[in-house]
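A.B. asks: The structure file my_file-v1.tsv (TSV, C-alpha atoms and all ligand atoms) is provided below.
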```
chain	number	residue	atom	x	y	z
A	1	MET	CA	87.40	37.35	88.08
A	2	THR	CA	90.29	35.07	87.06
A	3	VAL	CA	91.08	34.87	83.40
A	4	VAL	CA	93.12	31.93	82.20
A	5	VAL	CA	94.90	32.59	78.94
A	6	GLU	CA	97.50	29.89	79.44
A	7	SER	CA	97.59	26.74	81.54
A	8	ARG	CA	100.61	24.84	82.82
A	9	LEU	CA	101.12	21.26	83.94
A	10	THR	CA	104.67	20.54	85.00
A	11	GLY	CA	106.43	17.96	82.86
A	12	ILE	CA	103.48	16.99	80.67
A	13	PRO	CA	103.76	17.37	76.90
A	14	VAL	CA	101.34	19.98	75.65
A	15	LYS	CA	100.05	21.19	72.31
A	16	ARG	CA	98.53	24.65	72.32
A	17	GLY	CA	95.83	25.51	69.79
A	18	LYS	CA	94.24	28.91	69.38
A	19	VAL	CA	91.97	28.36	72.35
A	20	ARG	CA	92.81	25.03	74.01
A	21	ASP	CA	95.84	23.52	75.66
A	22	VAL	CA	95.90	19.76	75.11
A	23	TYR	CA	97.99	17.62	77.51
A	24	ASP	CA	99.12	14.12	76.68
A	25	LEU	CA	98.37	11.80	79.62
A	26	GLY	CA	99.11	8.57	77.75
A	27	ASP	CA	95.89	6.70	76.95
A	28	THR	CA	93.94	9.86	77.63
A	29	LEU	CA	94.24	13.54	76.81
A	30	LEU	CA	93.44	16.46	79.06
A	31	PHE	CA	91.72	19.25	77.15
A	32	VAL	CA	92.01	22.58	78.92
A	33	ALA	CA	89.77	25.25	77.41
A	34	THR	CA	91.42	28.56	78.21
A	35	ASP	CA	89.67	31.93	78.10
A	36	ARG	CA	91.48	32.88	74.91
A	37	ILE	CA	89.27	34.17	72.11
A	38	SER	CA	90.01	34.40	68.42
A	39	ALA	CA	88.51	36.70	65.82
A	40	PHE	CA	89.41	37.21	62.17
A	41	ASP	CA	91.91	34.33	62.58
A	42	TYR	CA	93.86	36.07	65.35
A	43	VAL	CA	94.03	35.15	69.01
A	44	LEU	CA	93.26	38.38	70.87
A	45	PRO	CA	95.52	39.57	73.69
A	46	THR	CA	92.52	39.83	76.03
A	47	GLY	CA	90.85	36.77	77.58
A	48	ILE	CA	87.10	36.38	78.18
A	49	PRO	CA	86.40	35.27	81.79
A	50	ARG	CA	84.29	32.08	82.02
A	51	LYS	CA	84.58	31.33	78.29
A	52	GLY	CA	86.65	28.19	78.85
A	53	GLU	CA	84.17	26.84	81.36
A	54	VAL	CA	81.23	27.60	79.10
A	55	LEU	CA	82.80	25.79	76.15
A	56	THR	CA	83.75	22.77	78.22
A	57	ARG	CA	80.29	22.46	79.75
A	58	MET	CA	78.64	22.89	76.40
A	59	SER	CA	80.70	20.09	74.85
A	60	GLU	CA	79.91	17.91	77.85
A	61	PHE	CA	76.20	18.60	77.39
A	62	TRP	CA	76.30	17.58	73.74
A	63	PHE	CA	78.32	14.43	74.34
A	64	GLU	CA	75.60	13.40	76.77
A	65	GLN	CA	72.75	14.34	74.41
A	66	LEU	CA	73.98	13.09	71.07
A	67	ASP	CA	73.38	9.58	70.03
A	68	VAL	CA	76.93	8.67	68.93
A	69	PRO	CA	79.99	6.94	70.42
A	70	HIS	CA	82.43	9.61	71.63
A	71	HIS	CA	85.75	10.21	73.38
A	72	PHE	CA	84.48	12.07	76.43
A	73	LEU	CA	85.29	10.51	79.82
A	74	THR	CA	84.94	13.07	82.61
A	75	THR	CA	85.30	16.68	83.71
A	76	ASP	CA	86.12	15.58	87.28
A	77	LEU	CA	89.85	16.04	87.74
A	78	SER	CA	89.92	14.14	91.02
A	79	GLU	CA	89.65	11.03	88.82
A	80	VAL	CA	93.03	11.63	87.13
A	81	ASP	CA	96.62	11.55	88.20
A	82	LEU	CA	98.15	15.01	87.75
A	83	PRO	CA	101.52	16.40	88.91
A	84	ASP	CA	101.60	17.35	92.62
A	85	ASP	CA	102.08	21.05	91.99
A	86	THR	CA	99.03	21.34	89.68
A	87	ASP	CA	96.64	24.19	90.45
A	88	ILE	CA	93.49	22.05	90.27
A	89	ASP	CA	91.16	24.96	91.07
A	90	LEU	CA	92.37	26.74	87.99
A	91	LEU	CA	91.74	23.72	85.73
A	92	GLN	CA	88.59	22.25	87.24
A	93	GLY	CA	85.48	23.28	85.29
A	94	ARG	CA	87.39	24.18	82.15
A	95	SER	CA	88.94	20.79	81.50
A	96	MET	CA	87.83	17.45	80.19
A	97	VAL	CA	89.52	14.10	80.02
A	98	VAL	CA	89.03	12.19	76.79
A	99	ARG	CA	90.14	8.91	75.32
A	100	ARG	CA	93.07	9.37	72.99
A	101	THR	CA	92.30	8.16	69.49
A	102	GLN	CA	93.93	8.09	66.11
A	103	VAL	CA	92.57	11.27	64.53
A	104	ILE	CA	90.94	10.86	61.11
A	105	PRO	CA	92.47	13.70	59.06
A	106	ILE	CA	89.21	15.22	57.79
A	107	GLU	CA	87.14	18.09	59.15
A	108	CYS	CA	83.56	16.91	58.82
A	109	VAL	CA	81.64	20.10	58.11
A	110	VAL	CA	77.85	20.15	57.85
A	111	ARG	CA	76.09	23.22	56.50
A	112	GLY	CA	72.38	23.88	56.90
A	113	TYR	CA	72.62	27.50	55.76
A	114	LEU	CA	74.64	29.45	53.23
A	115	ALA	CA	77.38	31.34	55.08
A	116	GLY	CA	81.11	31.95	55.14
A	117	SER	CA	83.17	30.18	52.49
A	118	GLY	CA	80.04	28.35	51.29
A	119	TRP	CA	78.34	31.62	50.40
A	120	LYS	CA	81.48	32.91	48.68
A	121	GLU	CA	81.74	29.80	46.52
A	122	TYR	CA	78.03	29.87	45.68
A	123	CYS	CA	78.38	33.46	44.42
A	124	ARG	CA	81.18	32.42	42.07
A	125	THR	CA	79.96	29.06	40.82
A	126	GLY	CA	76.48	28.27	42.12
A	127	THR	CA	77.91	25.35	44.09
A	128	VAL	CA	79.09	24.63	47.62
A	129	CYS	CA	82.12	22.38	47.76
A	130	GLY	CA	81.33	21.40	44.20
A	131	LEU	CA	77.74	20.41	45.00
A	132	PRO	CA	75.25	22.19	42.74
A	133	LEU	CA	72.54	24.22	44.47
A	134	PRO	CA	69.33	25.85	43.24
A	135	GLU	CA	69.65	29.36	41.77
A	136	GLY	CA	68.52	32.44	43.62
A	137	LEU	CA	69.71	31.60	47.13
A	138	GLN	CA	70.73	34.55	49.26
A	139	GLU	CA	73.43	34.97	51.87
A	140	SER	CA	72.32	33.04	55.00
A	141	SER	CA	69.53	31.23	53.10
A	142	ARG	CA	68.50	27.90	54.52
A	143	LEU	CA	69.70	25.10	52.23
A	144	PRO	CA	67.15	22.66	50.77
A	145	GLU	CA	68.82	20.03	52.94
A	146	PRO	CA	71.94	19.97	55.12
A	147	LEU	CA	75.13	19.41	53.12
A	148	PHE	CA	78.17	17.40	54.14
A	149	THR	CA	81.19	19.46	52.97
A	150	PRO	CA	84.45	17.92	54.20
A	151	SER	CA	87.74	19.76	54.38
A	152	THR	CA	91.34	18.86	55.06
A	153	LYS	CA	92.84	19.35	58.51
A	154	ALA	CA	95.72	21.67	57.67
A	155	GLU	CA	98.60	21.80	60.17
A	156	GLU	CA	99.39	25.32	59.01
A	157	GLY	CA	97.10	27.91	57.50
A	158	HIS	CA	93.59	27.32	56.25
A	159	ASP	CA	91.71	24.08	55.89
A	160	GLU	CA	90.85	23.41	52.30
A	161	ASN	CA	87.41	22.28	51.16
A	162	ILE	CA	87.49	18.98	49.31
A	163	SER	CA	84.92	16.95	47.41
A	164	PHE	CA	83.49	13.74	48.78
A	165	GLU	CA	85.49	11.88	46.11
A	166	GLN	CA	88.73	13.45	47.39
A	167	MET	CA	87.79	12.40	50.89
A	168	VAL	CA	87.30	8.85	49.63
A	169	GLU	CA	90.83	8.94	48.17
A	170	THR	CA	92.20	9.85	51.61
A	171	VAL	CA	90.22	7.62	53.99
A	172	GLY	CA	88.37	5.15	51.77
A	173	GLN	CA	84.78	4.68	50.63
A	174	GLU	CA	83.41	2.86	53.63
A	175	LEU	CA	84.77	5.22	56.27
A	176	SER	CA	83.82	8.28	54.20
A	177	GLU	CA	80.21	7.14	53.99
A	178	LYS	CA	80.14	6.36	57.65
A	179	LEU	CA	81.51	9.78	58.65
A	180	ARG	CA	79.15	11.55	56.27
A	181	ASP	CA	76.09	9.73	57.60
A	182	LEU	CA	77.12	10.24	61.22
A	183	SER	CA	77.87	13.94	60.67
A	184	LEU	CA	74.52	14.58	59.03
A	185	LYS	CA	72.74	12.65	61.75
A	186	ILE	CA	74.29	14.52	64.64
A	187	TYR	CA	74.01	17.90	62.91
A	188	THR	CA	70.28	17.27	62.49
A	189	GLN	CA	69.91	16.13	66.07
A	190	GLY	CA	71.78	19.20	67.36
A	191	ALA	CA	70.03	21.64	65.01
A	192	ASP	CA	66.59	20.33	66.00
A	193	LEU	CA	67.38	20.72	69.68
A	194	ALA	CA	68.84	24.21	69.20
A	195	ARG	CA	65.83	25.24	67.12
A	196	GLU	CA	63.48	24.33	69.97
A	197	ARG	CA	65.46	26.84	72.04
A	198	GLY	CA	65.33	29.62	69.47
A	199	ILE	CA	68.82	29.14	68.09
A	200	ILE	CA	69.74	28.32	64.52
A	201	LEU	CA	72.71	26.00	64.09
A	202	ALA	CA	73.83	27.33	60.70
A	203	ASP	CA	76.82	25.04	60.30
A	204	THR	CA	79.35	23.11	62.33
A	205	LYS	CA	82.49	21.04	62.20
A	206	PHE	CA	82.97	17.58	63.68
A	207	GLU	CA	86.11	15.53	64.04
A	208	PHE	CA	86.31	11.77	64.42
A	209	GLY	CA	88.96	9.37	65.62
A	210	LEU	CA	89.56	5.63	65.60
A	211	LEU	CA	90.06	3.56	68.71
A	212	ASP	CA	90.32	-0.22	68.32
A	213	SER	CA	88.63	0.21	64.92
A	214	GLU	CA	85.64	1.95	66.51
A	215	VAL	CA	84.77	5.43	65.17
A	216	LEU	CA	84.43	8.00	67.97
A	217	LEU	CA	83.27	11.60	67.88
A	218	ILE	CA	86.22	13.61	69.24
A	219	ASP	CA	87.37	17.19	69.84
A	220	GLU	CA	84.82	19.77	71.01
A	221	VAL	CA	81.23	19.46	69.89
A	222	LEU	CA	78.65	22.06	68.87
A	223	THR	CA	80.30	24.93	70.70
A	224	PRO	CA	80.36	28.48	69.37
A	225	ASP	CA	84.04	27.93	68.48
A	226	SER	CA	83.23	25.06	66.13
A	227	SER	CA	79.81	26.20	64.91
A	228	ARG	CA	77.82	29.17	63.70
A	229	PHE	CA	74.92	29.84	66.06
A	230	TRP	CA	72.42	32.53	65.11
A	231	PRO	CA	69.63	33.89	67.28
A	232	GLU	CA	66.44	32.91	65.44
A	233	SER	CA	64.69	36.12	66.48
A	234	GLU	CA	67.17	38.20	64.45
A	235	TYR	CA	67.44	35.86	61.48
A	236	ALA	CA	66.90	37.38	58.03
A	237	PRO	CA	68.43	36.03	54.81
A	238	GLY	CA	70.06	38.46	52.38
A	239	ARG	CA	72.83	39.54	54.75
A	240	GLY	CA	75.37	38.15	57.20
A	241	GLN	CA	73.84	37.23	60.57
A	242	PRO	CA	74.93	38.52	63.96
A	243	SER	CA	76.97	35.90	65.75
A	244	PHE	CA	75.55	34.69	69.04
A	245	ASP	CA	78.82	34.95	70.93
A	246	LYS	CA	81.45	37.08	69.20
A	247	GLN	CA	79.42	39.92	67.74
A	248	TYR	CA	80.45	42.58	70.26
A	249	VAL	CA	84.07	41.61	69.75
A	250	ARG	CA	83.88	41.70	65.97
A	251	ASP	CA	81.95	44.98	65.90
A	252	TRP	CA	84.39	46.59	68.29
A	253	LEU	CA	87.42	45.36	66.36
A	254	ILE	CA	86.01	46.69	63.09
A	255	ASP	CA	85.24	50.09	64.66
A	256	SER	CA	88.67	50.21	66.31
A	257	GLY	CA	90.34	50.70	62.94
A	258	TRP	CA	92.59	47.66	63.44
A	259	ASP	CA	93.93	46.60	60.02
A	260	ARG	CA	93.50	42.81	60.62
A	261	ASN	CA	97.03	42.41	59.41
A	262	SER	CA	98.98	43.12	62.61
A	263	PRO	CA	98.71	42.04	66.25
A	264	PRO	CA	95.16	42.85	67.41
A	265	PRO	CA	94.47	45.43	70.17
A	266	GLU	CA	93.32	44.74	73.76
A	267	LEU	CA	89.54	44.69	74.18
A	268	PRO	CA	87.99	47.29	76.50
A	269	PRO	CA	86.36	46.02	79.74
A	270	ASP	CA	82.75	46.60	78.66
A	271	VAL	CA	83.22	44.50	75.52
A	272	VAL	CA	84.80	41.75	77.62
A	273	GLU	CA	81.97	41.85	80.15
A	274	ARG	CA	79.23	41.74	77.56
A	275	THR	CA	80.95	38.89	75.75
A	276	THR	CA	81.17	36.83	78.95
A	277	ALA	CA	77.45	37.43	79.42
A	278	ARG	CA	76.79	36.30	75.84
A	279	TYR	CA	78.67	33.03	76.32
A	280	ILE	CA	76.75	32.30	79.50
A	281	GLU	CA	73.49	33.16	77.79
A	282	ALA	CA	74.34	30.87	74.87
A	283	TYR	CA	75.03	28.01	77.28
A	284	GLU	CA	71.87	28.54	79.31
A	285	THR	CA	69.65	29.00	76.27
A	286	LEU	CA	70.96	25.94	74.46
A	287	THR	CA	71.09	23.56	77.35
A	288	GLY	CA	68.20	24.83	79.45
A	289	ARG	CA	70.59	24.61	82.41
A	290	ILE	CA	71.76	27.33	84.78
A	291	PHE	CA	75.45	28.07	84.42
B	1	LIG	N1	90.24	12.06	71.31
B	1	LIG	C1	91.26	12.62	70.64
B	1	LIG	N2	92.37	11.92	70.39
B	1	LIG	C2	93.42	12.47	69.73
B	1	LIG	N3	93.44	13.72	69.27
B	1	LIG	C3	92.34	14.47	69.47
B	1	LIG	C4	91.20	13.97	70.18
B	1	LIG	N4	90.26	14.94	70.20
B	1	LIG	C5	90.78	16.00	69.56
B	1	LIG	N5	92.02	15.74	69.10
B	1	LIG	C6	92.93	16.62	68.38
B	1	LIG	O1	93.50	17.51	69.31
B	1	LIG	C7	93.82	18.72	68.65
B	1	LIG	C8	93.23	19.87	69.45
B	1	LIG	O2	93.84	21.00	69.00
B	1	LIG	P1	93.09	22.38	68.98
B	1	LIG	O3	91.75	22.27	68.34
B	1	LIG	O4	93.18	22.97	70.33
B	1	LIG	O5	94.08	23.17	68.05
B	1	LIG	P2	94.22	23.08	66.47
B	1	LIG	O6	93.13	22.22	65.88
B	1	LIG	O7	95.63	22.75	66.19
B	1	LIG	O8	94.01	24.57	66.07
B	1	LIG	P3	92.69	25.46	66.26
B	1	LIG	O9	92.95	26.25	67.47
B	1	LIG	O10	92.65	26.27	65.00
B	1	LIG	O11	91.50	24.54	66.41
B	1	LIG	C9	93.24	18.65	67.25
B	1	LIG	O12	94.26	18.36	66.35
B	1	LIG	C10	92.27	17.49	67.34
B	1	LIG	O13	92.14	16.82	66.11
B	2	MG	MG	90.98	22.46	66.38
```
Write out the structure in this file as structure tokens.
Ligand SMILES: Nc1ncnc2c1ncn2[C@@H]1O[C@H](COP(=O)(O)OP(=O)(O)OP(=O)(O)O)[C@@H](O)[C@H]1O
Ligand SMILES: [Mg+2]
C.D. replies:
Amino acid sequence: MTVVVESRLTGIPVKRGKVRDVYDLGDTLLFVATDRISAFDYVLPTGIPRKGEVLTRMSEFWFEQLDVPHHFLTTDLSEVDLPDDTDIDLLQGRSMVVRRTQVIPIECVVRGYLAGSGWKEYCRTGTVCGLPLPEGLQESSRLPEPLFTPSTKAEEGHDENISFEQMVETVGQELSEKLRDLSLKIYTQGADLARERGIILADTKFEFGLLDSEVLLIDEVLTPDSSRFWPESEYAPGRGQPSFDKQYVRDWLIDSGWDRNSPPPELPPDVVERTTARYIEAYETLTGRIF
């Protein structure tokens, strides 16, 4: 099976993230989801076949489902002008064309459960992003209500959690309220749908952009790379939850003895195979569609 860990389009400016290659087509952008996978903040040297396609099709599904203006245009590359020597077969299925917007420099995080940096902060101070929470919550506890916990979009290193007031200082009161309300609305819509399919959407990150003063949902949406999905059947508060997609990878990396402070090792074929199967399962379970 082909694995795409890097794409190439002759002569087109590109920005490579951990997982995606983003090409600048002028008024539009071409998002190519590669098969790269990251864990513990490192991109692994081994790709996961089909992962890029799964993530692209999942985002497409959510853009169709969610009740919000968005940047998504098409996944059909015959509709765009690409350089003559482009290997369309390699890109088709893993790529989407979106409207280019002015990115609003805030990561709009919504948390429905206590995990990750939220859990760490709660242990220290009883708050999440400065918002006070009831006492006695456990790791992975469901929150009384979903919380909007914005963070900065750092060019380098880690995004930093900020308070709503700090967000207001950056983008203004009106836009902050709008992004908060939209984020909570689409988190709830997505979480309800996932729940019907036996999946908990613990938390997620949205990004928004401005186009002709209209606010659009941009980037990828409700994929395992931007969200924590937990299988409901295995959910139990009081501990970390198995991740729907990356658990085999994380478990294997931990057992491998890798120090998480140096280039990560290649994954063995059985871990790769099982991870591909997990991504496909996540897609089919969430969307009710056959991959
Ligand atoms: N419609 C859009 N218009 C303009 N920029 C967009 C649009 N949608 C997404 N973006 C931006 O494109 C970039 C995609 O980069 P990508 O997510 O691949 O890498 P990254 O955010 O730099 O790093 P990471 O791999 O950690 O996510 C992000 O900066 C995102 O804000
Ligand atoms: Mg990103």
A.B. asks: Output the neighbourhood of ligand MG 2 (chain B) as a list of chain:residue names, that is, all protein and nucleic acid residues with some atom at most 8 Å from the ligand, counting all atoms listed in the file.
C.D. replies: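 Those residues are A:Gly17, A:Lys18, A:Asp219.
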A.B. asks: Store the residues picked out above, limited to C-alpha atoms, as an mmCIF file, in the frame of the given file.
C.D. replies:
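What ended up in part29.cif:
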```cif
data_model
loop_
_atom_site.group_PDB
_atom_site.id
_atom_site.type_symbol
_atom_site.label_atom_id
_atom_site.label_comp_id
_atom_site.auth_asym_id
_atom_site.auth_seq_id
_atom_site.Cartn_x
_atom_site.Cartn_y
_atom_site.Cartn_z
ATOM 1 C CA GLY A 17 95.830 25.510 69.790
ATOM 2 C CA LYS A 18 94.240 28.910 69.380
ATOM 3 C CA ASP A 219 87.370 17.190 69.840
#
```
A.B. asks: Would you give me, as a Markdown table, each residue of chain A having an atom within 7 Å of an atom of ligand LIG 1 (chain B), along with its shortest atom pair and that distance in Å to one decimal, using all atoms listed in the file and sorting by chain and residue number?
C.D. replies:
```
| residue | atom | partner | partner_atom | distance |
| --- | --- | --- | --- | --- |
| A:Arg16 | CA | B:LIG1 | O4 | 6.0 |
| A:Gly17 | CA | B:LIG1 | O5 | 3.4 |
| A:Lys18 | CA | B:LIG1 | O9 | 3.5 |
| A:Val19 | CA | B:LIG1 | O9 | 5.4 |
| A:Arg20 | CA | B:LIG1 | O4 | 4.2 |
| A:Asp21 | CA | B:LIG1 | O4 | 6.0 |
| A:Val22 | CA | B:LIG1 | C8 | 6.3 |
| A:Leu29 | CA | B:LIG1 | N2 | 6.9 |
| A:His71 | CA | B:LIG1 | N1 | 5.3 |
| A:Val98 | CA | B:LIG1 | N1 | 5.6 |
| A:Arg99 | CA | B:LIG1 | N1 | 5.1 |
| A:Arg100 | CA | B:LIG1 | N2 | 3.7 |
| A:Thr101 | CA | B:LIG1 | N2 | 3.9 |
| A:Gln102 | CA | B:LIG1 | C2 | 5.7 |
| A:Val103 | CA | B:LIG1 | C2 | 5.4 |
| A:Glu155 | CA | B:LIG1 | O7 | 6.8 |
| A:Glu207 | CA | B:LIG1 | O13 | 6.5 |
| A:Gly209 | CA | B:LIG1 | N2 | 6.4 |
| A:Ile218 | CA | B:LIG1 | N4 | 4.4 |
| A:Asp219 | CA | B:LIG1 | C5 | 3.6 |
```
A.B. asks: Would you output that residue set with C-alpha atoms, as an mmCIF file, keeping the file's coordinate frame?
C.D. replies:
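Contents of the output file again-v3.cif:
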```cif
data_model
loop_
_atom_site.group_PDB
_atom_site.id
_atom_site.type_symbol
_atom_site.label_atom_id
_atom_site.label_comp_id
_atom_site.auth_asym_id
_atom_site.auth_seq_id
_atom_site.Cartn_x
_atom_site.Cartn_y
_atom_site.Cartn_z
ATOM 1 C CA ARG A 16 98.530 24.650 72.320
ATOM 2 C CA GLY A 17 95.830 25.510 69.790
ATOM 3 C CA LYS A 18 94.240 28.910 69.380
ATOM 4 C CA VAL A 19 91.970 28.360 72.350
ATOM 5 C CA ARG A 20 92.810 25.030 74.010
ATOM 6 C CA ASP A 21 95.840 23.520 75.660
ATOM 7 C CA VAL A 22 95.900 19.760 75.110
ATOM 8 C CA LEU A 29 94.240 13.540 76.810
ATOM 9 C CA HIS A 71 85.750 10.210 73.380
ATOM 10 C CA VAL A 98 89.030 12.190 76.790
ATOM 11 C CA ARG A 99 90.140 8.910 75.320
ATOM 12 C CA ARG A 100 93.070 9.370 72.990
ATOM 13 C CA THR A 101 92.300 8.160 69.490
ATOM 14 C CA GLN A 102 93.930 8.090 66.110
ATOM 15 C CA VAL A 103 92.570 11.270 64.530
ATOM 16 C CA GLU A 155 98.600 21.800 60.170
ATOM 17 C CA GLU A 207 86.110 15.530 64.040
ATOM 18 C CA GLY A 209 88.960 9.370 65.620
ATOM 19 C CA ILE A 218 86.220 13.610 69.240
ATOM 20 C CA ASP A 219 87.370 17.190 69.840
#
```
A.B. asks: Within 6 Å of segment 147-150 of chain A, counting all atoms listed in the file, which residues qualify if same-chain residues fewer than 3 places away don't, as a PyMOL selection string?
C.D. replies: chain A and resi 107-111+162
A.B. asks: Hey, which of A:Leu179, A:Gly11, A:Glu139, A:Val43 ends up closest to Glu266 of chain A? Count only C-alpha atoms.
C.D. replies: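 Ranking A:Leu179, A:Gly11, A:Glu139, A:Val43 by distance to Glu266 of chain A, first place goes to A:Val43.
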A.B. asks: Give the answer as one residue: which of A:Ile37, A:Leu133, A:Val215, A:Leu114 has the shortest atom-to-atom distance to Leu267 of chain A, using all atoms listed in the file?
C.D. replies: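 Residue with the minimum atom-to-atom distance to Leu267 of chain A: A:Ile37.
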A.B. asks: Put a box with edges along x, y and z around all the listed atoms of segment 77-87 of chain A, pad it by 3 Å on each side, then give me its centre and sizes in Å, one decimal, as JSON.
C.D. replies:
```
{"center_x": 95.9, "center_y": 17.6, "center_z": 89.9, "size_x": 18.4, "size_y": 19.2, "size_z": 11.5}
```
A.B. asks: Of the candidates A:Gly198, A:Gly257, A:Pro13, A:Pro242, which shows the shortest atom-to-atom distance to Thr287 of chain A, using all atoms listed in the file?
C.D. replies: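 Comparing A:Gly198, A:Gly257, A:Pro13, A:Pro242 against Thr287 of chain A, the winner is A:Gly198.
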A.B. asks: What gap, in Å, lies between atom CA of Lys120 of chain A and atom CA of Asn161 of chain A?
C.D. replies: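 One can read the atom CA of Lys120 of chain A to atom CA of Asn161 of chain A distance as 12.4 Å.
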A.B. asks: So how far away is atom CA of Ser117 of chain A from atom CA of Tyr235 of chain A, in Å?
C.D. replies: 19.0 Å
A.B. asks: Restrict the calculation to all atoms listed in the file, then for each residue of segment 45-152 of chain A with any atom at most 9 Å from an atom of segment 276-282 of chain A give the closest atom pair and their distance in Å to one decimal, rows by chain and rising residue number, as CSV.
C.D. replies:
```
residue,atom,partner,partner_atom,distance
A:Ile48,CA,A:Thr276,CA,6.0
A:Pro49,CA,A:Thr276,CA,6.2
A:Arg50,CA,A:Thr276,CA,6.5
A:Lys51,CA,A:Tyr279,CA,6.5
A:Val54,CA,A:Ile280,CA,6.5
A:Leu55,CA,A:Tyr279,CA,8.3
```
A.B. asks: Please produce an output containing C-alpha atoms for each residue in the selection, written as a compact mmCIF listing (two decimals), in the frame of the given file.
C.D. replies:
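Saved result, out.txt, follows:
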```txt
# COMPACT_ATOMS: atom_id res chain seq x y z
CA ILE A 48 87.10 36.38 78.18
CA PRO A 49 86.40 35.27 81.79
CA ARG A 50 84.29 32.08 82.02
CA LYS A 51 84.58 31.33 78.29
CA VAL A 54 81.23 27.60 79.10
CA LEU A 55 82.80 25.79 76.15
```
A.B. asks: Of the candidates A:Glu284, A:Asp245, A:Asp35, A:Asp84, which shows the shortest atom-to-atom distance to Phe61 of chain A, using all atoms listed in the file?
C.D. replies: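 Answer, going by the shortest atom-to-atom distance: A:Glu284.
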A.B. asks: Have a look at A:Gln173, A:Asp225, A:Asp203, A:Gln189 and name the one nearest to Ala33 of chain A; count only C-alpha atoms.
C.D. replies: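 Among the listed residues, the smallest separation from Ala33 of chain A belongs to A:Asp225.
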A.B. asks: To one decimal place in Å, what is the distance between atom CA of Trp62 of chain A and atom CA of Val221 of chain A?
C.D. replies: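 Interatomic distance, atom CA of Trp62 of chain A to atom CA of Val221 of chain A: 6.5 Å.
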A.B. asks: Using all atoms listed in the file, which of A:Ile106, A:Leu30, A:Leu253, A:Leu201 sits nearest Thr74 of chain A?
C.D. replies: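 Answer, going by the shortest atom-to-atom distance: A:Leu30.
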A.B. asks: Name the residues in contact with Glu135 of chain A at a cut-off of 12 Å, using all atoms listed in the file, excluding same-chain residues fewer than 3 positions from it; report them as a ChimeraX atom specification.
C.D. replies: /A:122-127,132,138,141,143-144
